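Source file model39.tsv; content: TSV, C-alpha atoms.
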```
chain	number	residue	atom	x	y	z
A	1	MET	CA	105.71	118.21	75.76
A	2	LYS	CA	102.82	119.28	77.95
A	3	THR	CA	101.53	116.81	80.50
A	4	PRO	CA	97.78	116.05	80.71
A	5	PHE	CA	97.78	117.99	83.97
A	6	ARG	CA	99.30	121.08	82.31
A	7	LEU	CA	96.87	120.80	79.37
A	8	ALA	CA	93.94	120.63	81.76
A	9	ALA	CA	95.27	123.61	83.70
A	10	THR	CA	95.68	125.61	80.51
A	11	ALA	CA	92.15	124.74	79.39
A	12	ALA	CA	90.78	125.74	82.77
A	13	ALA	CA	92.63	129.04	82.66
A	14	LEU	CA	91.28	129.77	79.19
A	15	ALA	CA	87.76	128.89	80.31
A	16	LEU	CA	88.07	131.20	83.30
A	17	ALA	CA	89.39	133.98	81.07
A	18	GLY	CA	86.49	133.49	78.68
A	19	ALA	CA	84.00	133.54	81.52
A	20	GLY	CA	85.60	136.69	82.87
A	21	ALA	CA	85.39	138.37	79.47
A	22	ALA	CA	81.74	137.48	79.15
A	23	GLN	CA	81.06	138.70	82.66
A	24	ALA	CA	82.91	141.92	81.95
A	25	GLN	CA	81.14	142.61	78.62
A	26	GLU	CA	80.87	146.37	78.24
A	27	VAL	CA	78.49	147.81	75.69
A	28	THR	CA	77.93	151.35	74.45
A	29	LEU	CA	74.62	151.85	72.66
A	30	LYS	CA	74.53	154.59	70.04
A	31	PHE	CA	71.13	156.19	70.75
A	32	HIS	CA	70.01	158.49	67.91
A	33	HIS	CA	66.85	160.58	68.05
A	34	ILE	CA	65.00	163.60	66.65
A	35	TRP	CA	64.67	165.93	69.66
A	36	ASN	CA	66.91	168.63	71.05
A	37	THR	CA	68.28	168.14	74.56
A	38	GLN	CA	65.61	170.38	76.15
A	39	ALA	CA	62.64	168.45	74.73
A	40	MET	CA	60.34	166.58	77.08
A	41	ALA	CA	61.21	163.23	75.51
A	42	ALA	CA	64.96	163.84	75.83
A	43	VAL	CA	64.64	164.85	79.49
A	44	ASN	CA	61.90	162.49	80.71
A	45	VAL	CA	62.27	159.40	78.52
A	46	ILE	CA	65.72	159.08	76.96
A	47	ALA	CA	67.96	160.31	79.80
A	48	PRO	CA	66.15	158.25	82.49
A	49	TRP	CA	66.23	155.11	80.30
A	50	CYS	CA	69.96	155.49	79.73
A	51	ASP	CA	70.53	156.10	83.46
A	52	LYS	CA	68.52	152.99	84.34
A	53	ILE	CA	70.28	150.61	81.98
A	54	ALA	CA	73.63	151.92	83.23
A	55	ALA	CA	72.64	151.47	86.88
A	56	GLU	CA	71.00	148.06	86.42
A	57	SER	CA	73.99	146.75	84.45
A	58	ALA	CA	76.44	148.05	87.06
A	59	GLY	CA	77.96	150.30	84.41
A	60	LYS	CA	78.48	147.56	81.83
A	61	MET	CA	75.98	149.11	79.41
A	62	LYS	CA	75.65	152.79	78.65
A	63	CYS	CA	74.32	155.15	75.99
A	64	GLN	CA	76.06	157.45	73.60
A	65	VAL	CA	73.16	159.83	72.98
A	66	LEU	CA	73.00	161.64	69.63
A	67	PRO	CA	70.22	164.25	69.91
A	68	ALA	CA	68.52	166.20	67.13
A	69	MET	CA	69.85	163.95	64.33
A	70	SER	CA	73.43	164.86	65.25
A	71	GLY	CA	74.55	161.39	64.16
A	72	GLY	CA	73.75	162.18	60.53
A	73	GLY	CA	70.95	161.37	58.16
A	74	THR	CA	67.35	162.51	58.33
A	75	PRO	CA	64.44	161.54	60.63
A	76	PRO	CA	62.82	159.28	57.98
A	77	GLN	CA	66.11	157.36	57.71
A	78	LEU	CA	66.19	156.37	61.38
A	79	VAL	CA	64.09	153.23	60.81
A	80	ASP	CA	66.67	151.94	58.33
A	81	ARG	CA	69.66	153.16	60.34
A	82	VAL	CA	68.61	151.04	63.31
A	83	LYS	CA	67.63	148.06	61.12
A	84	ASP	CA	71.03	148.17	59.38
A	85	GLY	CA	72.99	148.66	62.59
A	86	VAL	CA	74.22	152.18	61.80
A	87	ASP	CA	72.48	153.19	65.04
A	88	ASP	CA	71.91	150.81	67.95
A	89	VAL	CA	68.81	152.44	69.43
A	90	ILE	CA	66.43	155.07	68.04
A	91	ILE	CA	63.14	156.76	68.74
A	92	THR	CA	61.23	158.01	65.73
A	93	LEU	CA	57.85	158.15	64.03
A	94	PRO	CA	57.27	155.32	61.54
A	95	GLY	CA	54.88	157.70	59.78
A	96	TYR	CA	57.83	159.83	58.65
A	97	THR	CA	58.34	157.22	55.92
A	98	ALA	CA	54.96	157.41	54.20
A	99	GLY	CA	53.31	154.08	53.55
A	100	ARG	CA	56.28	152.06	54.83
A	101	PHE	CA	54.50	150.85	57.99
A	102	PRO	CA	50.87	150.73	56.87
A	103	ALA	CA	49.43	148.57	59.64
A	104	MET	CA	50.66	150.92	62.39
A	105	GLU	CA	49.09	153.89	60.60
A	106	VAL	CA	45.71	152.94	62.03
A	107	PHE	CA	46.42	155.00	65.18
A	108	GLU	CA	47.18	158.03	63.00
A	109	LEU	CA	43.68	158.10	61.53
A	110	PRO	CA	41.63	161.06	62.80
A	111	PHE	CA	39.52	161.00	65.94
A	112	MET	CA	40.83	157.70	67.33
A	113	THR	CA	41.98	158.48	70.90
A	114	ASN	CA	42.43	161.32	73.36
A	115	SER	CA	44.77	159.64	75.83
A	116	ALA	CA	48.38	158.88	75.07
A	117	GLU	CA	48.46	156.34	77.89
A	118	VAL	CA	45.44	154.46	76.53
A	119	GLY	CA	46.82	154.77	73.00
A	120	ALA	CA	50.17	153.36	74.13
A	121	ARG	CA	48.57	150.29	75.69
A	122	ALA	CA	46.45	149.70	72.60
A	123	ALA	CA	49.35	150.30	70.21
A	124	TRP	CA	51.62	147.82	72.02
A	125	ASP	CA	49.05	145.02	71.91
A	126	TYR	CA	48.14	145.81	68.31
A	127	LEU	CA	51.81	145.78	67.30
A	128	GLN	CA	52.35	142.32	68.78
A	129	LYS	CA	49.36	140.92	66.91
A	130	ASN	CA	49.45	142.77	63.61
A	131	ALA	CA	52.60	144.72	62.82
A	132	LEU	CA	55.85	143.21	64.11
A	133	LYS	CA	56.58	141.93	60.60
A	134	GLU	CA	56.79	145.57	59.45
A	135	PHE	CA	60.04	145.95	61.44
A	136	PRO	CA	62.48	143.24	60.26
A	137	GLY	CA	65.91	143.27	61.87
A	138	THR	CA	64.53	145.47	64.63
A	139	LYS	CA	63.52	144.82	68.22
A	140	ILE	CA	60.73	147.18	69.27
A	141	LEU	CA	61.26	148.17	72.90
A	142	ALA	CA	58.16	150.37	73.18
A	143	THR	CA	55.48	152.03	71.09
A	144	TRP	CA	53.02	154.78	71.95
A	145	VAL	CA	51.07	157.74	70.60
A	146	HIS	CA	51.42	161.34	71.65
A	147	ASP	CA	48.85	163.39	73.53
A	148	GLU	CA	46.08	165.21	71.68
A	149	GLY	CA	47.13	167.02	68.54
A	150	TYR	CA	45.73	170.51	67.91
A	151	VAL	CA	45.72	173.22	65.25
A	152	HIS	CA	48.23	176.07	65.63
A	153	THR	CA	48.31	179.05	63.23
A	154	ARG	CA	50.33	182.24	62.78
A	155	ASP	CA	48.04	184.89	61.37
A	156	LYS	CA	44.42	183.84	61.76
A	157	PRO	CA	42.43	181.49	63.98
A	158	VAL	CA	40.80	178.33	62.63
A	159	LYS	CA	37.21	178.18	63.90
A	160	THR	CA	35.42	176.44	61.03
A	161	LEU	CA	36.20	174.19	58.10
A	162	ALA	CA	36.10	177.24	55.84
A	163	ASP	CA	39.02	178.77	57.75
A	164	PHE	CA	41.34	176.00	56.52
A	165	LYS	CA	40.95	177.09	52.90
A	166	GLY	CA	44.17	178.59	51.55
A	167	LEU	CA	46.27	177.65	54.58
A	168	LYS	CA	49.54	175.77	54.11
A	169	MET	CA	49.64	173.45	57.11
A	170	ARG	CA	52.31	171.04	58.29
A	171	ALA	CA	51.59	167.54	59.53
A	172	PRO	CA	54.01	164.72	60.40
A	173	THR	CA	52.52	161.69	58.64
A	174	ARG	CA	50.69	160.51	55.55
A	175	GLN	CA	47.37	160.17	57.38
A	176	THR	CA	47.54	163.61	58.99
A	177	ASN	CA	48.36	165.15	55.63
A	178	LYS	CA	45.29	163.43	54.20
A	179	LEU	CA	43.30	164.79	57.12
A	180	LEU	CA	44.41	168.35	56.40
A	181	ALA	CA	43.45	167.97	52.74
A	182	ALA	CA	40.03	166.63	53.76
A	183	LEU	CA	39.54	169.65	56.02
A	184	GLY	CA	40.39	172.03	53.17
A	185	ALA	CA	44.00	173.01	53.89
A	186	SER	CA	47.06	172.53	51.69
A	187	PRO	CA	49.12	169.88	53.52
A	188	VAL	CA	52.89	170.15	53.78
A	189	GLY	CA	54.66	167.07	55.13
A	190	MET	CA	57.84	167.54	57.13
A	191	PRO	CA	59.57	166.02	60.16
A	192	LEU	CA	59.69	167.91	63.44
A	193	PRO	CA	63.24	169.36	63.19
A	194	ALA	CA	62.31	171.31	60.03
A	195	LEU	CA	59.23	172.92	61.58
A	196	PRO	CA	60.61	176.06	63.31
A	197	ASP	CA	62.39	177.25	60.17
A	198	ALA	CA	59.29	176.67	58.03
A	199	VAL	CA	57.07	178.64	60.42
A	200	SER	CA	59.48	181.52	60.95
A	201	LYS	CA	60.01	181.95	57.19
A	202	GLY	CA	56.31	181.76	56.42
A	203	THR	CA	56.73	178.63	54.30
A	204	ILE	CA	53.71	177.33	56.19
A	205	ASP	CA	50.83	179.13	57.90
A	206	GLY	CA	50.51	176.69	60.75
A	207	PHE	CA	50.77	173.10	61.84
A	208	LEU	CA	49.19	170.21	63.68
A	209	LEU	CA	51.06	169.35	66.88
A	210	PRO	CA	50.52	168.29	70.50
A	211	TRP	CA	51.44	170.70	73.29
A	212	GLU	CA	54.28	168.53	74.57
A	213	VAL	CA	57.00	169.50	72.11
A	214	MET	CA	56.20	173.16	71.49
A	215	PRO	CA	58.19	174.88	74.29
A	216	SER	CA	61.51	173.20	73.45
A	217	LEU	CA	61.26	174.51	69.86
A	218	LYS	CA	59.78	177.86	70.95
A	219	LEU	CA	56.91	177.29	68.52
A	220	HIS	CA	54.47	179.05	70.85
A	221	GLU	CA	56.44	182.23	70.08
A	222	MET	CA	56.00	181.75	66.31
A	223	VAL	CA	52.22	181.34	66.22
A	224	LYS	CA	49.40	183.25	67.87
A	225	TYR	CA	46.30	181.05	67.58
A	226	HIS	CA	45.49	177.63	68.95
A	227	THR	CA	42.36	175.63	68.12
A	228	GLU	CA	41.65	172.84	70.59
A	229	THR	CA	39.07	170.07	70.37
A	230	ASP	CA	36.68	169.18	73.17
A	231	PRO	CA	38.37	166.74	75.58
A	232	SER	CA	35.17	164.70	75.80
A	233	ARG	CA	35.75	163.56	72.23
A	234	PRO	CA	38.65	161.72	70.58
A	235	ALA	CA	41.45	164.04	69.49
A	236	LEU	CA	41.82	165.49	66.01
A	237	TYR	CA	44.84	163.28	65.43
A	238	SER	CA	47.80	161.56	67.00
A	239	ALA	CA	51.00	159.98	65.71
A	240	VAL	CA	52.78	156.72	66.51
A	241	PHE	CA	56.29	156.52	67.98
A	242	VAL	CA	58.60	153.53	68.15
A	243	PHE	CA	61.51	153.01	70.52
A	244	ALA	CA	63.59	150.48	68.60
A	245	MET	CA	66.86	148.58	68.90
A	246	ASN	CA	68.93	146.80	66.30
A	247	GLN	CA	68.02	143.12	66.66
A	248	ALA	CA	71.57	141.87	66.09
A	249	LYS	CA	72.88	144.25	68.75
A	250	TYR	CA	70.34	142.87	71.24
A	251	ASP	CA	71.08	139.27	70.22
A	252	GLY	CA	74.78	139.86	70.84
A	253	LEU	CA	74.27	140.93	74.44
A	254	SER	CA	75.04	138.64	77.35
A	255	PRO	CA	71.97	137.13	79.09
A	256	GLU	CA	72.60	139.53	81.96
A	257	LEU	CA	72.48	142.61	79.72
A	258	LYS	CA	69.51	141.28	77.71
A	259	LYS	CA	67.61	141.08	80.99
A	260	VAL	CA	68.36	144.75	81.65
A	261	ILE	CA	66.91	145.71	78.25
A	262	ASP	CA	63.91	143.42	78.80
A	263	ASN	CA	63.24	145.02	82.19
A	264	ASN	CA	63.15	148.45	80.53
A	265	SER	CA	60.89	147.71	77.57
A	266	GLY	CA	57.52	146.19	76.75
A	267	ALA	CA	53.86	146.81	77.53
A	268	ALA	CA	54.19	148.45	80.95
A	269	TYR	CA	57.07	150.62	79.75
A	270	SER	CA	55.06	151.75	76.70
A	271	GLN	CA	52.18	152.68	79.00
A	272	SER	CA	54.48	154.70	81.26
A	273	ILE	CA	55.76	156.69	78.27
A	274	GLY	CA	52.21	157.40	77.13
A	275	LYS	CA	51.44	158.69	80.62
A	276	LEU	CA	54.43	161.04	80.42
A	277	TRP	CA	53.04	162.48	77.18
A	278	ASP	CA	49.62	163.02	78.78
A	279	ASN	CA	51.17	164.75	81.76
A	280	SER	CA	53.23	167.03	79.53
A	281	GLN	CA	50.25	168.93	78.10
A	282	THR	CA	49.89	171.39	80.98
A	283	ALA	CA	53.45	172.70	80.78
A	284	GLY	CA	53.32	173.00	77.00
A	285	ARG	CA	50.04	174.90	77.05
A	286	LYS	CA	51.23	177.14	79.88
A	287	ALA	CA	54.07	178.49	77.74
A	288	ALA	CA	51.58	179.60	75.07
A	289	THR	CA	49.28	181.13	77.70
A	290	GLU	CA	52.12	183.14	79.23
A	291	HIS	CA	53.08	184.34	75.76
A	292	GLY	CA	49.63	185.89	75.41
A	293	ASN	CA	48.40	183.62	72.64
A	294	VAL	CA	44.73	183.18	71.71
A	295	PHE	CA	42.90	179.91	72.39
A	296	TYR	CA	39.70	178.63	70.80
A	297	ARG	CA	37.73	175.56	71.89
A	298	LEU	CA	35.98	173.99	68.91
A	299	PRO	CA	32.23	173.62	69.59
A	300	LEU	CA	30.93	170.06	69.38
A	301	ALA	CA	28.62	170.92	66.47
A	302	GLU	CA	31.58	172.23	64.43
A	303	MET	CA	33.68	169.28	65.49
A	304	ASP	CA	30.99	167.03	64.01
A	305	ASN	CA	31.56	168.81	60.70
A	306	TRP	CA	35.28	167.98	60.88
A	307	VAL	CA	34.54	164.35	61.71
A	308	LYS	CA	32.15	164.11	58.77
A	309	ALA	CA	34.62	165.79	56.39
A	310	SER	CA	37.36	163.30	57.28
A	311	ALA	CA	35.22	160.14	57.46
A	312	GLY	CA	36.43	158.93	54.06
A	313	LEU	CA	39.95	158.45	55.40
A	314	TYR	CA	38.86	155.25	57.17
A	315	ASP	CA	37.54	153.73	53.96
A	316	ASP	CA	40.66	154.82	52.07
A	317	TRP	CA	42.92	153.25	54.67
A	318	THR	CA	41.05	149.95	54.87
A	319	ALA	CA	41.01	149.73	51.05
A	320	ASP	CA	44.76	150.39	50.99
A	321	MET	CA	45.32	147.63	53.54
A	322	ASP	CA	43.20	145.22	51.48
A	323	LYS	CA	45.32	145.97	48.40
A	324	ARG	CA	48.41	145.08	50.42
A	325	GLY	CA	46.91	141.70	51.32
A	326	LEU	CA	45.87	142.75	54.81
A	327	ASN	CA	42.34	142.76	56.24
A	328	GLY	CA	41.79	146.49	56.62
A	329	LYS	CA	38.43	146.33	58.39
A	330	GLN	CA	39.73	143.78	60.88
A	331	LEU	CA	42.84	145.85	61.62
A	332	LEU	CA	40.72	148.96	62.21
A	333	GLN	CA	38.38	146.97	64.45
A	334	ASP	CA	41.32	145.53	66.40
A	335	ALA	CA	42.64	149.04	67.08
A	336	ARG	CA	39.22	150.36	68.10
A	337	ASP	CA	38.55	147.36	70.35
A	338	LEU	CA	41.88	147.83	72.11
A	339	LEU	CA	41.23	151.54	72.65
A	340	VAL	CA	37.88	150.66	74.21
A	341	LYS	CA	39.48	147.92	76.32
A	342	TYR	CA	42.00	150.31	77.85
A	343	LYS	CA	39.81	153.44	77.99
A	344	LYS	CA	39.93	155.05	81.41
```
Rewrite the structure from the file as structure tokens, please.
Amino acid sequence: MKTPFRLAATAAALALAGAGAAQAQEVTLKFHHIWNTQAMAAVNVIAPWCDKIAAESAGKMKCQVLPAMSGGGTPPQLVDRVKDGVDDVIITLPGYTAGRFPAMEVFELPFMTNSAEVGARAAWDYLQKNALKEFPGTKILATWVHDEGYVHTRDKPVKTLADFKGLKMRAPTRQTNKLLAALGASPVGMPLPALPDAVSKGTIDGFLLPWEVMPSLKLHEMVKYHTETDPSRPALYSAVFVFAMNQAKYDGLSPELKKVIDNNSGAAYSQSIGKLWDNSQTAGRKAATEHGNVFYRLPLAEMDNWVKASAGLYDDWTADMDKRGLNGKQLLQDARDLLVKYKK
């Protein structure tokens, strides 16, 4: 029979063992994403984030990175994979699943912003107020928009609205596909990984894309013409990204490891990612310049024609939000007010 002293000693030993196990919690986060290992986001966002959480957790938390959808599934499935715990952490575009995240689509309407950093700050605040409920079971670590999106074509330049007629053009999201249709093109929706094959085979004549991602996919070698909008005006389009973690995975972390995640997420982190996207334009454009491609700056008068042609998309979006029980006009105004608030 154990004495009270021995029982107390046993209990103390078990308590110490439990405390030691908690202190020694080691976590590997399965980090699944859409880019190849050479892409700007893989090099400048994902790798540094994984290095930081490893360093700040003294090696107790690390990433198992699965680039270019190597963990299985398709880019539109990433939002469910992280929600369901198949993946622990992902970066993707909510817009890949058309209509699934309607409130966040507001930043994908045409001519909203021409700074990824400003867009990131606005998108984070807007998400907290209006769209967190769109991501159940998911902890959003950051959200942002990419730098200015432009028109890139294989065989002929796009200088006017009329030049879009007959062109099969790729765009990433529902709103950018609607934009292409409004401008006169035939929109073809597809996620980023499918783009090089579609261009090289002639399945599409061109695409909308920012400069940032083009070199890693060698897309500047597959097209010849680039139509850019005037930097004094909001960009033709942008798209929203989310950096997301499975909520249950986060909830299961020790307080120490939660703090590491918290220190590497949020408003300031979103802003820093947006800044990275802005700073990536020069290198992306340089690759196309060195390849001998042809650039065209859209005159402001012609840009006004594009703005006018796509104006109905705002009414369509607000009406769609109203049908879903949301206040579309207020959501649009919130996004615009935030973009003005953070405008440089």
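We find CA of His33 (chain A) and CA of Ile91 (chain A) to be spaced 5.4 Å apart.
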How close does region 91-203 of chain A get to region 222-228 of chain A? List, as CSV, each residue of region 91-203 of chain A within 12 Å, its nearest atom pair and the distance in Å to one decimal, counting only C-alpha atoms.
```
residue,atom,partner,partner_atom,distance
A:Asn114,CA,A:Glu228,CA,11.9
A:Glu148,CA,A:Glu228,CA,8.9
A:Gly149,CA,A:Glu228,CA,8.3
A:Tyr150,CA,A:Glu228,CA,5.4
A:Val151,CA,A:Thr227,CA,5.0
A:His152,CA,A:His226,CA,4.6
A:Thr153,CA,A:Tyr225,CA,5.2
A:Arg154,CA,A:Val223,CA,4.0
A:Asp155,CA,A:Lys224,CA,6.8
A:Lys156,CA,A:Tyr225,CA,6.7
A:Pro157,CA,A:Tyr225,CA,5.3
A:Val158,CA,A:Thr227,CA,6.3
A:Lys159,CA,A:Thr227,CA,7.1
A:Thr160,CA,A:Thr227,CA,10.0
A:Leu161,CA,A:Thr227,CA,11.8
A:Asp163,CA,A:Thr227,CA,11.3
A:Phe164,CA,A:Thr227,CA,11.7
A:Leu195,CA,A:Met222,CA,10.5
A:Pro196,CA,A:Met222,CA,7.9
A:Asp197,CA,A:Met222,CA,9.9
A:Ala198,CA,A:Met222,CA,10.3
A:Val199,CA,A:Met222,CA,6.7
A:Ser200,CA,A:Met222,CA,6.4
A:Lys201,CA,A:Met222,CA,10.0
A:Gly202,CA,A:Met222,CA,9.9
```
Residue with the minimum atom-to-atom distance to Val145 (chain A), picked from A:Leu167, A:Leu326, A:Ile273, A:Leu236 with all atoms listed in the file counted, is A:Ile273
Point-to-point distance in Å for CA of Tyr269 (chain A) and CA of Lys52 (chain A):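 Value for the CA of Lys52 (chain A)-CA of Tyr269 (chain A) distance: 12.6 Å.
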Which residue is closest to Ala311 (chain A)? Choose from A:Val260, A:Ala244, A:Leu183, A:Ala287 and count only C-alpha atoms. A:Leu183
Give one line per residue of region 252-333 of chain A that approaches region 213-218 of chain A to at most 10 Å, naming the two atoms of the closest pair and their distance in Å to one decimal, counting all atoms listed in the file; sort by chain then ascending residue number and deliver it as a tab-separated table.
```
residue	atom	partner	partner_atom	distance
A:Trp277	CA	A:Val213	CA	9.5
A:Ser280	CA	A:Val213	CA	8.7
A:Gln281	CA	A:Val213	CA	9.0
A:Ala283	CA	A:Pro215	CA	8.3
A:Gly284	CA	A:Pro215	CA	5.9
A:Arg285	CA	A:Met214	CA	8.5
A:Lys286	CA	A:Pro215	CA	9.2
A:Ala287	CA	A:Pro215	CA	6.5
A:Ala288	CA	A:Pro215	CA	8.2
```
Can you spit out the residues from that selection as an mmCIF file, in the coordinates of the input, using C-alpha atoms?
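For reference, part38.cif as written:
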```cif
data_model
loop_
_atom_site.group_PDB
_atom_site.id
_atom_site.type_symbol
_atom_site.label_atom_id
_atom_site.label_comp_id
_atom_site.auth_asym_id
_atom_site.auth_seq_id
_atom_site.Cartn_x
_atom_site.Cartn_y
_atom_site.Cartn_z
ATOM 1 C CA TRP A 277 53.040 162.480 77.180
ATOM 2 C CA SER A 280 53.230 167.030 79.530
ATOM 3 C CA GLN A 281 50.250 168.930 78.100
ATOM 4 C CA ALA A 283 53.450 172.700 80.780
ATOM 5 C CA GLY A 284 53.320 173.000 77.000
ATOM 6 C CA ARG A 285 50.040 174.900 77.050
ATOM 7 C CA LYS A 286 51.230 177.140 79.880
ATOM 8 C CA ALA A 287 54.070 178.490 77.740
ATOM 9 C CA ALA A 288 51.580 179.600 75.070
#
```
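Considering all atoms listed in the file, the residue among A:Lys139, A:Lys129, A:Lys168, A:Arg174 positioned nearest to Ile204 (chain A) is A:Lys168.
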Listed atoms of region 91-96 of chain A, axis-aligned box, 6 Å per side: centre and edge lengths to one decimal in Å, as AutoDock Vina command-line options?
```
--center_x 59.0 --center_y 157.6 --center_z 63.7 --size_x 20.3 --size_y 16.5 --size_z 22.1
```
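Taking CA of Val89 (chain A) and CA of His32 (chain A) as endpoints, the distance between them is 6.4 Å.
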Please determine, counting all atoms listed in the file, which residue among A:Ala171, A:Ala123, A:Leu253, A:Ala103 has the shortest atom-to-atom distance to Met321 (chain A). A:Ala103
From the set A:Asp262, A:Asp147, A:Glu56, A:Glu26, which residue has the shortest atom-to-atom contact distance to Val240 (chain A), counting only C-alpha atoms?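 The answer is A:Asp147, which sits nearest to Val240 (chain A).
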Can you work out which one of A:Ala54, A:Gly292, A:Leu332, A:Gln271 has the shortest atom-to-atom distance to Trp317 (chain A), counting only C-alpha atoms?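 Checking each of A:Ala54, A:Gly292, A:Leu332, A:Gln271 against Trp317 (chain A), counting only C-alpha atoms, the winner is A:Leu332.
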Could you list as a list of chain:residue names every residue that has an atom within 12 Å of (71.0, 150.7, 84.3), using the file's coordinates and counting all atoms listed in the file?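 Output of the proximity query reads A:Val27, A:Ala47, A:Pro48, A:Trp49, A:Cys50, A:Asp51, A:Lys52, A:Ile53, A:Ala54, A:Ala55, A:Glu56, A:Ser57, A:Ala58, A:Gly59, A:Lys60, A:Met61, A:Lys62, A:Cys63, A:Glu256, A:Leu257, A:Lys258, A:Lys259, A:Val260, A:Ile261, A:Asp262, A:Asn263, A:Asn264.
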